[in-house]
$ cat my_file.pdb   # PDB, N, CA and C atoms
ATOM      1  N   MET A  12       0.840  -1.183   0.000
ATOM      2  CA  MET A  12       0.000   0.000   0.000
ATOM      3  C   MET A  12       0.888   1.250   0.000
ATOM      4  N   SER A  13       0.504   2.227  -0.762
ATOM      5  CA  SER A  13       1.273   3.448  -0.890
ATOM      6  C   SER A  13       0.978   4.383   0.287
ATOM      7  N   LEU A  14       2.013   5.091   0.747
ATOM      8  CA  LEU A  14       1.839   6.040   1.839
ATOM      9  C   LEU A  14       1.520   7.444   1.329
ATOM     10  N   GLN A  15       1.442   7.615   0.034
ATOM     11  CA  GLN A  15       1.110   8.910  -0.544
ATOM     12  C   GLN A  15      -0.395   9.000  -0.766
ATOM     13  N   ARG A  16      -0.906  10.196  -0.612
ATOM     14  CA  ARG A  16      -2.339  10.410  -0.809
ATOM     15  C   ARG A  16      -2.531  11.610  -1.717
ATOM     16  N   ARG A  17      -3.362  11.466  -2.679
ATOM     17  CA  ARG A  17      -3.653  12.573  -3.588
ATOM     18  C   ARG A  17      -4.806  13.392  -3.009
ATOM     19  N   ILE A  18      -4.675  14.707  -3.140
ATOM     20  CA  ILE A  18      -5.785  15.561  -2.718
ATOM     21  C   ILE A  18      -6.162  16.479  -3.876
ATOM     22  N   SER A  19      -7.379  16.895  -3.855
ATOM     23  CA  SER A  19      -7.850  17.861  -4.835
ATOM     24  C   SER A  19      -7.707  19.247  -4.217
ATOM     25  N   TRP A  20      -6.808  20.065  -4.762
ATOM     26  CA  TRP A  20      -6.609  21.400  -4.210
ATOM     27  C   TRP A  20      -7.858  22.262  -4.375
ATOM     28  N   ASN A  21      -8.591  22.045  -5.441
ATOM     29  CA  ASN A  21      -9.827  22.808  -5.623
ATOM     30  C   ASN A  21     -10.801  22.514  -4.495
ATOM     31  N   ALA A  22     -10.978  21.244  -4.168
ATOM     32  CA  ALA A  22     -11.896  20.872  -3.094
ATOM     33  C   ALA A  22     -11.379  21.365  -1.746
ATOM     34  N   ALA A  23     -10.078  21.267  -1.515
ATOM     35  CA  ALA A  23      -9.505  21.713  -0.243
ATOM     36  C   ALA A  23      -9.692  23.211  -0.052
ATOM     37  N   LEU A  24      -9.414  23.994  -1.080
ATOM     38  CA  LEU A  24      -9.559  25.446  -0.970
ATOM     39  C   LEU A  24     -11.023  25.857  -0.886
ATOM     40  N   ARG A  25     -11.908  25.110  -1.541
ATOM     41  CA  ARG A  25     -13.343  25.380  -1.434
ATOM     42  C   ARG A  25     -13.791  25.186   0.020
ATOM     43  N   ASN A  26     -13.289  24.140   0.662
ATOM     44  CA  ASN A  26     -13.636  23.901   2.062
ATOM     45  C   ASN A  26     -13.103  25.008   2.965
ATOM     46  N   VAL A  27     -11.920  25.509   2.662
ATOM     47  CA  VAL A  27     -11.359  26.613   3.449
ATOM     48  C   VAL A  27     -12.238  27.849   3.301
ATOM     49  N   ARG A  28     -12.652  28.158   2.069
ATOM     50  CA  ARG A  28     -13.533  29.317   1.841
ATOM     51  C   ARG A  28     -14.871  29.143   2.547
ATOM     52  N   ASP A  29     -15.403  27.930   2.536
ATOM     53  CA  ASP A  29     -16.698  27.683   3.172
ATOM     54  C   ASP A  29     -16.627  27.812   4.686
ATOM     55  N   ASP A  30     -15.440  27.607   5.265
ATOM     56  CA  ASP A  30     -15.282  27.696   6.716
ATOM     57  C   ASP A  30     -15.201  29.131   7.213
ATOM     58  N   ARG A  31     -14.936  30.068   6.322
ATOM     59  CA  ARG A  31     -14.833  31.472   6.729
ATOM     60  C   ARG A  31     -16.201  31.972   7.183
ATOM     61  N   ALA A  32     -16.172  32.894   8.133
ATOM     62  CA  ALA A  32     -17.419  33.475   8.628
ATOM     63  C   ALA A  32     -18.074  34.289   7.519
ATOM     64  N   LYS A  33     -19.348  34.102   7.352
ATOM     65  CA  LYS A  33     -20.105  34.837   6.337
ATOM     66  C   LYS A  33     -20.619  36.142   6.955
ATOM     67  N   ILE A  34     -20.422  37.237   6.241
ATOM     68  CA  ILE A  34     -20.904  38.538   6.701
ATOM     69  C   ILE A  34     -22.265  38.776   6.068
ATOM     70  N   PRO A  35     -23.299  39.037   6.880
ATOM     71  CA  PRO A  35     -24.625  39.297   6.308
ATOM     72  C   PRO A  35     -24.587  40.472   5.332
ATOM     73  N   ALA A  36     -25.472  40.429   4.362
ATOM     74  CA  ALA A  36     -25.455  41.398   3.267
ATOM     75  C   ALA A  36     -25.505  42.848   3.745
ATOM     76  N   GLY A  37     -26.341  43.169   4.703
ATOM     77  CA  GLY A  37     -26.485  44.557   5.139
ATOM     78  C   GLY A  37     -25.471  45.006   6.169
ATOM     79  N   MET A  38     -24.641  44.080   6.637
ATOM     80  CA  MET A  38     -23.723  44.410   7.727
ATOM     81  C   MET A  38     -22.679  45.436   7.322
ATOM     82  N   LEU A  39     -22.115  45.307   6.128
ATOM     83  CA  LEU A  39     -21.074  46.248   5.713
ATOM     84  C   LEU A  39     -21.638  47.653   5.539
ATOM     85  N   GLY A  40     -22.836  47.747   4.985
ATOM     86  CA  GLY A  40     -23.460  49.055   4.836
ATOM     87  C   GLY A  40     -23.783  49.680   6.179
ATOM     88  N   ALA A  41     -24.276  48.865   7.109
ATOM     89  CA  ALA A  41     -24.605  49.369   8.447
ATOM     90  C   ALA A  41     -23.338  49.815   9.163
ATOM     91  N   ARG A  42     -22.275  49.048   9.006
ATOM     92  CA  ARG A  42     -21.015  49.409   9.652
ATOM     93  C   ARG A  42     -20.503  50.738   9.108
ATOM     94  N   ALA A  43     -20.605  50.926   7.803
ATOM     95  CA  ALA A  43     -20.161  52.181   7.194
ATOM     96  C   ALA A  43     -20.990  53.359   7.713
ATOM     97  N   LEU A  44     -22.298  53.148   7.863
ATOM     98  CA  LEU A  44     -23.153  54.227   8.385
ATOM     99  C   LEU A  44     -22.787  54.585   9.820
ATOM    100  N   VAL A  45     -22.494  53.583  10.644
ATOM    101  CA  VAL A  45     -22.107  53.850  12.034
ATOM    102  C   VAL A  45     -20.786  54.602  12.074
ATOM    103  N   GLN A  46     -19.828  54.185  11.240
ATOM    104  CA  GLN A  46     -18.540  54.875  11.222
ATOM    105  C   GLN A  46     -18.686  56.307  10.729
ATOM    106  N   LEU A  47     -19.551  56.530   9.749
ATOM    107  CA  LEU A  47     -19.788  57.882   9.251
ATOM    108  C   LEU A  47     -20.462  58.730  10.326
ATOM    109  N   GLY A  48     -21.444  58.149  11.015
ATOM    110  CA  GLY A  48     -22.130  58.879  12.084
ATOM    111  C   GLY A  48     -21.208  59.180  13.245
ATOM    112  N   ALA A  49     -20.236  58.310  13.500
ATOM    113  CA  ALA A  49     -19.306  58.526  14.607
ATOM    114  C   ALA A  49     -18.413  59.735  14.350
ATOM    115  N   ARG A  50     -18.240  60.093  13.084
ATOM    116  CA  ARG A  50     -17.438  61.280  12.781
ATOM    117  C   ARG A  50     -18.191  62.550  13.166
ATOM    118  N   THR A  51     -19.505  62.543  12.985
ATOM    119  CA  THR A  51     -20.281  63.739  13.279
ATOM    120  C   THR A  51     -20.699  63.806  14.750
ATOM    121  N   ARG A  52     -20.886  62.646  15.374
ATOM    122  CA  ARG A  52     -21.248  62.595  16.791
ATOM    123  C   ARG A  52     -20.407  61.489  17.434
ATOM    124  N   PRO A  53     -19.394  61.853  18.202
ATOM    125  CA  PRO A  53     -18.480  60.847  18.739
ATOM    126  C   PRO A  53     -19.192  59.842  19.654
ATOM    127  N   LEU A  54     -18.756  58.589  19.580
ATOM    128  CA  LEU A  54     -19.345  57.538  20.402
ATOM    129  C   LEU A  54     -18.717  57.489  21.794
ATOM    130  N   VAL A  55     -17.544  58.108  21.948
ATOM    131  CA  VAL A  55     -16.865  58.156  23.250
ATOM    132  C   VAL A  55     -16.604  59.615  23.578
ATOM    133  N   VAL A  56     -17.069  60.050  24.762
ATOM    134  CA  VAL A  56     -16.871  61.424  25.202
ATOM    135  C   VAL A  56     -16.210  61.375  26.580
ATOM    136  N   ALA A  57     -15.085  62.038  26.719
ATOM    137  CA  ALA A  57     -14.343  62.118  27.983
ATOM    138  C   ALA A  57     -14.047  60.727  28.550
ATOM    139  N   GLY A  58     -13.713  59.793  27.679
ATOM    140  CA  GLY A  58     -13.351  58.452  28.127
ATOM    141  C   GLY A  58     -14.526  57.555  28.467
ATOM    142  N   GLN A  59     -15.746  58.035  28.301
ATOM    143  CA  GLN A  59     -16.956  57.261  28.596
ATOM    144  C   GLN A  59     -17.759  57.073  27.320
ATOM    145  N   TYR A  60     -18.365  55.904  27.175
ATOM    146  CA  TYR A  60     -19.225  55.660  26.019
ATOM    147  C   TYR A  60     -20.493  56.497  26.133
ATOM    148  N   ASP A  61     -20.859  57.150  25.033
ATOM    149  CA  ASP A  61     -22.098  57.922  24.963
ATOM    150  C   ASP A  61     -23.179  56.984  24.431
ATOM    151  N   ARG A  62     -23.979  56.437  25.347
ATOM    152  CA  ARG A  62     -24.981  55.431  24.967
ATOM    153  C   ARG A  62     -26.016  55.987  23.998
ATOM    154  N   ALA A  63     -26.380  57.232  24.161
ATOM    155  CA  ALA A  63     -27.367  57.839  23.266
ATOM    156  C   ALA A  63     -26.810  57.920  21.842
ATOM    157  N   ALA A  64     -25.531  58.277  21.711
ATOM    158  CA  ALA A  64     -24.923  58.356  20.388
ATOM    159  C   ALA A  64     -24.809  56.975  19.757
ATOM    160  N   ILE A  65     -24.485  55.969  20.568
ATOM    161  CA  ILE A  65     -24.380  54.602  20.063
ATOM    162  C   ILE A  65     -25.740  54.111  19.578
ATOM    163  N   MET A  66     -26.785  54.339  20.356
ATOM    164  CA  MET A  66     -28.126  53.900  19.970
ATOM    165  C   MET A  66     -28.618  54.665  18.744
ATOM    166  N   ALA A  67     -28.318  55.952  18.668
ATOM    167  CA  ALA A  67     -28.724  56.742  17.502
ATOM    168  C   ALA A  67     -28.043  56.216  16.246
ATOM    169  N   ALA A  68     -26.759  55.880  16.351
ATOM    170  CA  ALA A  68     -26.031  55.344  15.202
ATOM    171  C   ALA A  68     -26.581  53.978  14.810
ATOM    172  N   ALA A  69     -26.924  53.158  15.798
ATOM    173  CA  ALA A  69     -27.463  51.828  15.509
ATOM    174  C   ALA A  69     -28.826  51.927  14.828
ATOM    175  N   CYS A  70     -29.660  52.839  15.303
ATOM    176  CA  CYS A  70     -30.985  53.013  14.695
ATOM    177  C   CYS A  70     -30.868  53.530  13.266
ATOM    178  N   LYS A  71     -29.955  54.456  13.061
ATOM    179  CA  LYS A  71     -29.754  55.002  11.720
ATOM    180  C   LYS A  71     -29.237  53.919  10.778
ATOM    181  N   ALA A  72     -28.307  53.092  11.261
ATOM    182  CA  ALA A  72     -27.745  52.018  10.438
ATOM    183  C   ALA A  72     -28.780  50.936  10.168
ATOM    184  N   GLY A  73     -29.692  50.718  11.127
ATOM    185  CA  GLY A  73     -30.704  49.695  10.968
ATOM    186  C   GLY A  73     -31.832  50.097  10.047
ATOM    187  N   GLY A  74     -31.902  51.349   9.667
ATOM    188  CA  GLY A  74     -32.916  51.794   8.735
ATOM    189  C   GLY A  74     -34.170  52.333   9.407
ATOM    190  N   SER A  75     -34.223  52.297  10.718
ATOM    191  CA  SER A  75     -35.383  52.829  11.424
ATOM    192  C   SER A  75     -35.272  54.344  11.432
ATOM    193  N   GLY A  76     -36.305  55.029  11.049
ATOM    194  CA  GLY A  76     -36.274  56.471  11.004
ATOM    195  C   GLY A  76     -36.603  57.119  12.329
ATOM    196  N   LYS A  77     -36.629  56.370  13.403
ATOM    197  CA  LYS A  77     -37.042  56.896  14.706
ATOM    198  C   LYS A  77     -35.849  57.297  15.556
ATOM    199  N   VAL A  78     -35.007  58.173  15.039
ATOM    200  CA  VAL A  78     -33.845  58.651  15.795
ATOM    201  C   VAL A  78     -34.128  60.079  16.217
ATOM    202  N   SER A  79     -34.065  60.324  17.512
ATOM    203  CA  SER A  79     -34.251  61.685  17.994
ATOM    204  C   SER A  79     -32.972  62.137  18.666
ATOM    205  N   GLU A  80     -32.531  63.321  18.338
ATOM    206  CA  GLU A  80     -31.276  63.832  18.916
ATOM    207  C   GLU A  80     -31.544  65.083  19.697
TER     208      GLU A  80
END

$ encode --input "my_file.pdb" --output "structure tokens"
Amino acid sequence: MSLQRRISWNAALRNVRDDRAKIPAGMLGARALVQLGARTRPLVVAGQYDRAAIMAAACKAGGSGKVSE
């Protein structure tokens, strides 16, 4: 019996790609909106997280129009 084993590199690399975490379709857009909003209203003020700013950014990124500032 031979000690060598043949592998299919296409199948091996396909399995590697399939193991990667999948990013939901809207996640990148939401992340960009939060980062853009953080420029206009900082998420950290004086070393403390501004919860209102974080929630406002999350609501804006989520598409809900119910953000009050």

$ resolve_selection --input "my_file.pdb" --expression "the PyMOL selection byres ((chain A and resi 72) around 7)" --output "number ranges by chain"
A: 40-42, 44-45, 67-71, 73-75

$ atom_distance --input "my_file.pdb" --atom1 "atom C of Ala64 in chain A" --atom2 "atom C of Thr51 in chain A"
9.4 Å

$ atom_distance --input "my_file.pdb" --atom1 "atom N of Pro53 in chain A" --atom2 "atom C of Met66 in chain A"
11.7 Å

$ atom_distance --input "my_file.pdb" --atom1 "CA of Ile34 in chain A" --atom2 "CA of Ala22 in chain A"
22.1 Å

$ select_by_dssp --input "my_file.pdb" --residues "chain A" --states "strand (DSSP E or B)" --output "ChimeraX atom specification"
/A:55-56,59-60

$ select_by_dssp --input "my_file.pdb" --residues "chain A" --states "helix (DSSP H, G or I)" --output "PDB file with N, CA and C atoms, keeping the file's coordinate frame"
ATOM      1  N   TRP A  20      -6.808  20.065  -4.762  1.00  0.00           N
ATOM      2  CA  TRP A  20      -6.609  21.400  -4.210  1.00  0.00           C
ATOM      3  C   TRP A  20      -7.858  22.262  -4.375  1.00  0.00           C
ATOM      4  N   ASN A  21      -8.591  22.045  -5.441  1.00  0.00           N
ATOM      5  CA  ASN A  21      -9.827  22.808  -5.623  1.00  0.00           C
ATOM      6  C   ASN A  21     -10.801  22.514  -4.495  1.00  0.00           C
ATOM      7  N   ALA A  22     -10.978  21.244  -4.168  1.00  0.00           N
ATOM      8  CA  ALA A  22     -11.896  20.872  -3.094  1.00  0.00           C
ATOM      9  C   ALA A  22     -11.379  21.365  -1.746  1.00  0.00           C
ATOM     10  N   ALA A  23     -10.078  21.267  -1.515  1.00  0.00           N
ATOM     11  CA  ALA A  23      -9.505  21.713  -0.243  1.00  0.00           C
ATOM     12  C   ALA A  23      -9.692  23.211  -0.052  1.00  0.00           C
ATOM     13  N   LEU A  24      -9.414  23.994  -1.080  1.00  0.00           N
ATOM     14  CA  LEU A  24      -9.559  25.446  -0.970  1.00  0.00           C
ATOM     15  C   LEU A  24     -11.023  25.857  -0.886  1.00  0.00           C
ATOM     16  N   ARG A  25     -11.908  25.110  -1.541  1.00  0.00           N
ATOM     17  CA  ARG A  25     -13.343  25.380  -1.434  1.00  0.00           C
ATOM     18  C   ARG A  25     -13.791  25.186   0.020  1.00  0.00           C
ATOM     19  N   ASN A  26     -13.289  24.140   0.662  1.00  0.00           N
ATOM     20  CA  ASN A  26     -13.636  23.901   2.062  1.00  0.00           C
ATOM     21  C   ASN A  26     -13.103  25.008   2.965  1.00  0.00           C
ATOM     22  N   VAL A  27     -11.920  25.509   2.662  1.00  0.00           N
ATOM     23  CA  VAL A  27     -11.359  26.613   3.449  1.00  0.00           C
ATOM     24  C   VAL A  27     -12.238  27.849   3.301  1.00  0.00           C
ATOM     25  N   ARG A  28     -12.652  28.158   2.069  1.00  0.00           N
ATOM     26  CA  ARG A  28     -13.533  29.317   1.841  1.00  0.00           C
ATOM     27  C   ARG A  28     -14.871  29.143   2.547  1.00  0.00           C
ATOM     28  N   ASP A  29     -15.403  27.930   2.536  1.00  0.00           N
ATOM     29  CA  ASP A  29     -16.698  27.683   3.172  1.00  0.00           C
ATOM     30  C   ASP A  29     -16.627  27.812   4.686  1.00  0.00           C
ATOM     31  N   ASP A  30     -15.440  27.607   5.265  1.00  0.00           N
ATOM     32  CA  ASP A  30     -15.282  27.696   6.716  1.00  0.00           C
ATOM     33  C   ASP A  30     -15.201  29.131   7.213  1.00  0.00           C
ATOM     34  N   MET A  38     -24.641  44.080   6.637  1.00  0.00           N
ATOM     35  CA  MET A  38     -23.723  44.410   7.727  1.00  0.00           C
ATOM     36  C   MET A  38     -22.679  45.436   7.322  1.00  0.00           C
ATOM     37  N   LEU A  39     -22.115  45.307   6.128  1.00  0.00           N
ATOM     38  CA  LEU A  39     -21.074  46.248   5.713  1.00  0.00           C
ATOM     39  C   LEU A  39     -21.638  47.653   5.539  1.00  0.00           C
ATOM     40  N   GLY A  40     -22.836  47.747   4.985  1.00  0.00           N
ATOM     41  CA  GLY A  40     -23.460  49.055   4.836  1.00  0.00           C
ATOM     42  C   GLY A  40     -23.783  49.680   6.179  1.00  0.00           C
ATOM     43  N   ALA A  41     -24.276  48.865   7.109  1.00  0.00           N
ATOM     44  CA  ALA A  41     -24.605  49.369   8.447  1.00  0.00           C
ATOM     45  C   ALA A  41     -23.338  49.815   9.163  1.00  0.00           C
ATOM     46  N   ARG A  42     -22.275  49.048   9.006  1.00  0.00           N
ATOM     47  CA  ARG A  42     -21.015  49.409   9.652  1.00  0.00           C
ATOM     48  C   ARG A  42     -20.503  50.738   9.108  1.00  0.00           C
ATOM     49  N   ALA A  43     -20.605  50.926   7.803  1.00  0.00           N
ATOM     50  CA  ALA A  43     -20.161  52.181   7.194  1.00  0.00           C
ATOM     51  C   ALA A  43     -20.990  53.359   7.713  1.00  0.00           C
ATOM     52  N   LEU A  44     -22.298  53.148   7.863  1.00  0.00           N
ATOM     53  CA  LEU A  44     -23.153  54.227   8.385  1.00  0.00           C
ATOM     54  C   LEU A  44     -22.787  54.585   9.820  1.00  0.00           C
ATOM     55  N   VAL A  45     -22.494  53.583  10.644  1.00  0.00           N
ATOM     56  CA  VAL A  45     -22.107  53.850  12.034  1.00  0.00           C
ATOM     57  C   VAL A  45     -20.786  54.602  12.074  1.00  0.00           C
ATOM     58  N   GLN A  46     -19.828  54.185  11.240  1.00  0.00           N
ATOM     59  CA  GLN A  46     -18.540  54.875  11.222  1.00  0.00           C
ATOM     60  C   GLN A  46     -18.686  56.307  10.729  1.00  0.00           C
ATOM     61  N   LEU A  47     -19.551  56.530   9.749  1.00  0.00           N
ATOM     62  CA  LEU A  47     -19.788  57.882   9.251  1.00  0.00           C
ATOM     63  C   LEU A  47     -20.462  58.730  10.326  1.00  0.00           C
ATOM     64  N   GLY A  48     -21.444  58.149  11.015  1.00  0.00           N
ATOM     65  CA  GLY A  48     -22.130  58.879  12.084  1.00  0.00           C
ATOM     66  C   GLY A  48     -21.208  59.180  13.245  1.00  0.00           C
ATOM     67  N   ALA A  49     -20.236  58.310  13.500  1.00  0.00           N
ATOM     68  CA  ALA A  49     -19.306  58.526  14.607  1.00  0.00           C
ATOM     69  C   ALA A  49     -18.413  59.735  14.350  1.00  0.00           C
ATOM     70  N   ARG A  50     -18.240  60.093  13.084  1.00  0.00           N
ATOM     71  CA  ARG A  50     -17.438  61.280  12.781  1.00  0.00           C
ATOM     72  C   ARG A  50     -18.191  62.550  13.166  1.00  0.00           C
ATOM     73  N   THR A  51     -19.505  62.543  12.985  1.00  0.00           N
ATOM     74  CA  THR A  51     -20.281  63.739  13.279  1.00  0.00           C
ATOM     75  C   THR A  51     -20.699  63.806  14.750  1.00  0.00           C
ATOM     76  N   ARG A  62     -23.979  56.437  25.347  1.00  0.00           N
ATOM     77  CA  ARG A  62     -24.981  55.431  24.967  1.00  0.00           C
ATOM     78  C   ARG A  62     -26.016  55.987  23.998  1.00  0.00           C
ATOM     79  N   ALA A  63     -26.380  57.232  24.161  1.00  0.00           N
ATOM     80  CA  ALA A  63     -27.367  57.839  23.266  1.00  0.00           C
ATOM     81  C   ALA A  63     -26.810  57.920  21.842  1.00  0.00           C
ATOM     82  N   ALA A  64     -25.531  58.277  21.711  1.00  0.00           N
ATOM     83  CA  ALA A  64     -24.923  58.356  20.388  1.00  0.00           C
ATOM     84  C   ALA A  64     -24.809  56.975  19.757  1.00  0.00           C
ATOM     85  N   ILE A  65     -24.485  55.969  20.568  1.00  0.00           N
ATOM     86  CA  ILE A  65     -24.380  54.602  20.063  1.00  0.00           C
ATOM     87  C   ILE A  65     -25.740  54.111  19.578  1.00  0.00           C
ATOM     88  N   MET A  66     -26.785  54.339  20.356  1.00  0.00           N
ATOM     89  CA  MET A  66     -28.126  53.900  19.970  1.00  0.00           C
ATOM     90  C   MET A  66     -28.618  54.665  18.744  1.00  0.00           C
ATOM     91  N   ALA A  67     -28.318  55.952  18.668  1.00  0.00           N
ATOM     92  CA  ALA A  67     -28.724  56.742  17.502  1.00  0.00           C
ATOM     93  C   ALA A  67     -28.043  56.216  16.246  1.00  0.00           C
ATOM     94  N   ALA A  68     -26.759  55.880  16.351  1.00  0.00           N
ATOM     95  CA  ALA A  68     -26.031  55.344  15.202  1.00  0.00           C
ATOM     96  C   ALA A  68     -26.581  53.978  14.810  1.00  0.00           C
ATOM     97  N   ALA A  69     -26.924  53.158  15.798  1.00  0.00           N
ATOM     98  CA  ALA A  69     -27.463  51.828  15.509  1.00  0.00           C
ATOM     99  C   ALA A  69     -28.826  51.927  14.828  1.00  0.00           C
ATOM    100  N   CYS A  70     -29.660  52.839  15.303  1.00  0.00           N
ATOM    101  CA  CYS A  70     -30.985  53.013  14.695  1.00  0.00           C
ATOM    102  C   CYS A  70     -30.868  53.530  13.266  1.00  0.00           C
ATOM    103  N   LYS A  71     -29.955  54.456  13.061  1.00  0.00           N
ATOM    104  CA  LYS A  71     -29.754  55.002  11.720  1.00  0.00           C
ATOM    105  C   LYS A  71     -29.237  53.919  10.778  1.00  0.00           C
ATOM    106  N   ALA A  72     -28.307  53.092  11.261  1.00  0.00           N
ATOM    107  CA  ALA A  72     -27.745  52.018  10.438  1.00  0.00           C
ATOM    108  C   ALA A  72     -28.780  50.936  10.168  1.00  0.00           C
ATOM    109  N   GLY A  73     -29.692  50.718  11.127  1.00  0.00           N
ATOM    110  CA  GLY A  73     -30.704  49.695  10.968  1.00  0.00           C
ATOM    111  C   GLY A  73     -31.832  50.097  10.047  1.00  0.00           C
TER     112      GLY A  73
END

$ axis_aligned_box --input "my_file.pdb" --around "range 45-58 of chain A" --padding-each-side "3 Å" --output "AutoDock Vina command-line options"
--center_x -17.9 --center_y 58.7 --center_z 18.9 --size_x 15.1 --size_y 16.2 --size_z 25.3

$ decode --input "my_file.pdb" --residues "range 58-73 of chain A" --atoms "N, CA, C and O atoms" --output "PDB file, in the first residue's frame"
ATOM      1  N   GLY A  58     -13.713  59.793  27.679  1.00  0.00           N
ATOM      2  CA  GLY A  58     -13.351  58.452  28.127  1.00  0.00           C
ATOM      3  C   GLY A  58     -14.526  57.555  28.467  1.00  0.00           C
ATOM      4  O   GLY A  58     -14.339  56.422  28.890  1.00  0.00           O
ATOM      5  N   GLN A  59     -15.746  58.035  28.301  1.00  0.00           N
ATOM      6  CA  GLN A  59     -16.956  57.261  28.596  1.00  0.00           C
ATOM      7  C   GLN A  59     -17.759  57.073  27.320  1.00  0.00           C
ATOM      8  O   GLN A  59     -17.827  57.966  26.486  1.00  0.00           O
ATOM      9  N   TYR A  60     -18.365  55.904  27.175  1.00  0.00           N
ATOM     10  CA  TYR A  60     -19.225  55.660  26.019  1.00  0.00           C
ATOM     11  C   TYR A  60     -20.493  56.497  26.133  1.00  0.00           C
ATOM     12  O   TYR A  60     -21.103  56.579  27.196  1.00  0.00           O
ATOM     13  N   ASP A  61     -20.859  57.150  25.033  1.00  0.00           N
ATOM     14  CA  ASP A  61     -22.098  57.922  24.963  1.00  0.00           C
ATOM     15  C   ASP A  61     -23.179  56.984  24.431  1.00  0.00           C
ATOM     16  O   ASP A  61     -23.280  56.731  23.240  1.00  0.00           O
ATOM     17  N   ARG A  62     -23.979  56.437  25.347  1.00  0.00           N
ATOM     18  CA  ARG A  62     -24.981  55.431  24.967  1.00  0.00           C
ATOM     19  C   ARG A  62     -26.016  55.987  23.998  1.00  0.00           C
ATOM     20  O   ARG A  62     -26.469  55.287  23.096  1.00  0.00           O
ATOM     21  N   ALA A  63     -26.380  57.232  24.161  1.00  0.00           N
ATOM     22  CA  ALA A  63     -27.367  57.839  23.266  1.00  0.00           C
ATOM     23  C   ALA A  63     -26.810  57.920  21.842  1.00  0.00           C
ATOM     24  O   ALA A  63     -27.520  57.642  20.871  1.00  0.00           O
ATOM     25  N   ALA A  64     -25.531  58.277  21.711  1.00  0.00           N
ATOM     26  CA  ALA A  64     -24.923  58.356  20.388  1.00  0.00           C
ATOM     27  C   ALA A  64     -24.809  56.975  19.757  1.00  0.00           C
ATOM     28  O   ALA A  64     -25.037  56.804  18.559  1.00  0.00           O
ATOM     29  N   ILE A  65     -24.485  55.969  20.568  1.00  0.00           N
ATOM     30  CA  ILE A  65     -24.380  54.602  20.063  1.00  0.00           C
ATOM     31  C   ILE A  65     -25.740  54.111  19.578  1.00  0.00           C
ATOM     32  O   ILE A  65     -25.861  53.539  18.498  1.00  0.00           O
ATOM     33  N   MET A  66     -26.785  54.339  20.356  1.00  0.00           N
ATOM     34  CA  MET A  66     -28.126  53.900  19.970  1.00  0.00           C
ATOM     35  C   MET A  66     -28.618  54.665  18.744  1.00  0.00           C
ATOM     36  O   MET A  66     -29.269  54.087  17.869  1.00  0.00           O
ATOM     37  N   ALA A  67     -28.318  55.952  18.668  1.00  0.00           N
ATOM     38  CA  ALA A  67     -28.724  56.742  17.502  1.00  0.00           C
ATOM     39  C   ALA A  67     -28.043  56.216  16.246  1.00  0.00           C
ATOM     40  O   ALA A  67     -28.679  56.074  15.189  1.00  0.00           O
ATOM     41  N   ALA A  68     -26.759  55.880  16.351  1.00  0.00           N
ATOM     42  CA  ALA A  68     -26.031  55.344  15.202  1.00  0.00           C
ATOM     43  C   ALA A  68     -26.581  53.978  14.810  1.00  0.00           C
ATOM     44  O   ALA A  68     -26.715  53.669  13.623  1.00  0.00           O
ATOM     45  N   ALA A  69     -26.924  53.158  15.798  1.00  0.00           N
ATOM     46  CA  ALA A  69     -27.463  51.828  15.509  1.00  0.00           C
ATOM     47  C   ALA A  69     -28.826  51.927  14.828  1.00  0.00           C
ATOM     48  O   ALA A  69     -29.110  51.194  13.875  1.00  0.00           O
ATOM     49  N   CYS A  70     -29.660  52.839  15.303  1.00  0.00           N
ATOM     50  CA  CYS A  70     -30.985  53.013  14.695  1.00  0.00           C
ATOM     51  C   CYS A  70     -30.868  53.530  13.266  1.00  0.00           C
ATOM     52  O   CYS A  70     -31.576  53.076  12.374  1.00  0.00           O
ATOM     53  N   LYS A  71     -29.955  54.456  13.061  1.00  0.00           N
ATOM     54  CA  LYS A  71     -29.754  55.002  11.720  1.00  0.00           C
ATOM     55  C   LYS A  71     -29.237  53.919  10.778  1.00  0.00           C
ATOM     56  O   LYS A  71     -29.679  53.808   9.642  1.00  0.00           O
ATOM     57  N   ALA A  72     -28.307  53.092  11.261  1.00  0.00           N
ATOM     58  CA  ALA A  72     -27.745  52.018  10.438  1.00  0.00           C
ATOM     59  C   ALA A  72     -28.780  50.936  10.168  1.00  0.00           C
ATOM     60  O   ALA A  72     -28.774  50.318   9.117  1.00  0.00           O
ATOM     61  N   GLY A  73     -29.692  50.718  11.127  1.00  0.00           N
ATOM     62  CA  GLY A  73     -30.704  49.695  10.968  1.00  0.00           C
ATOM     63  C   GLY A  73     -31.832  50.097  10.047  1.00  0.00           C
ATOM     64  O   GLY A  73     -32.660  49.272   9.678  1.00  0.00           O
TER      65      GLY A  73
END
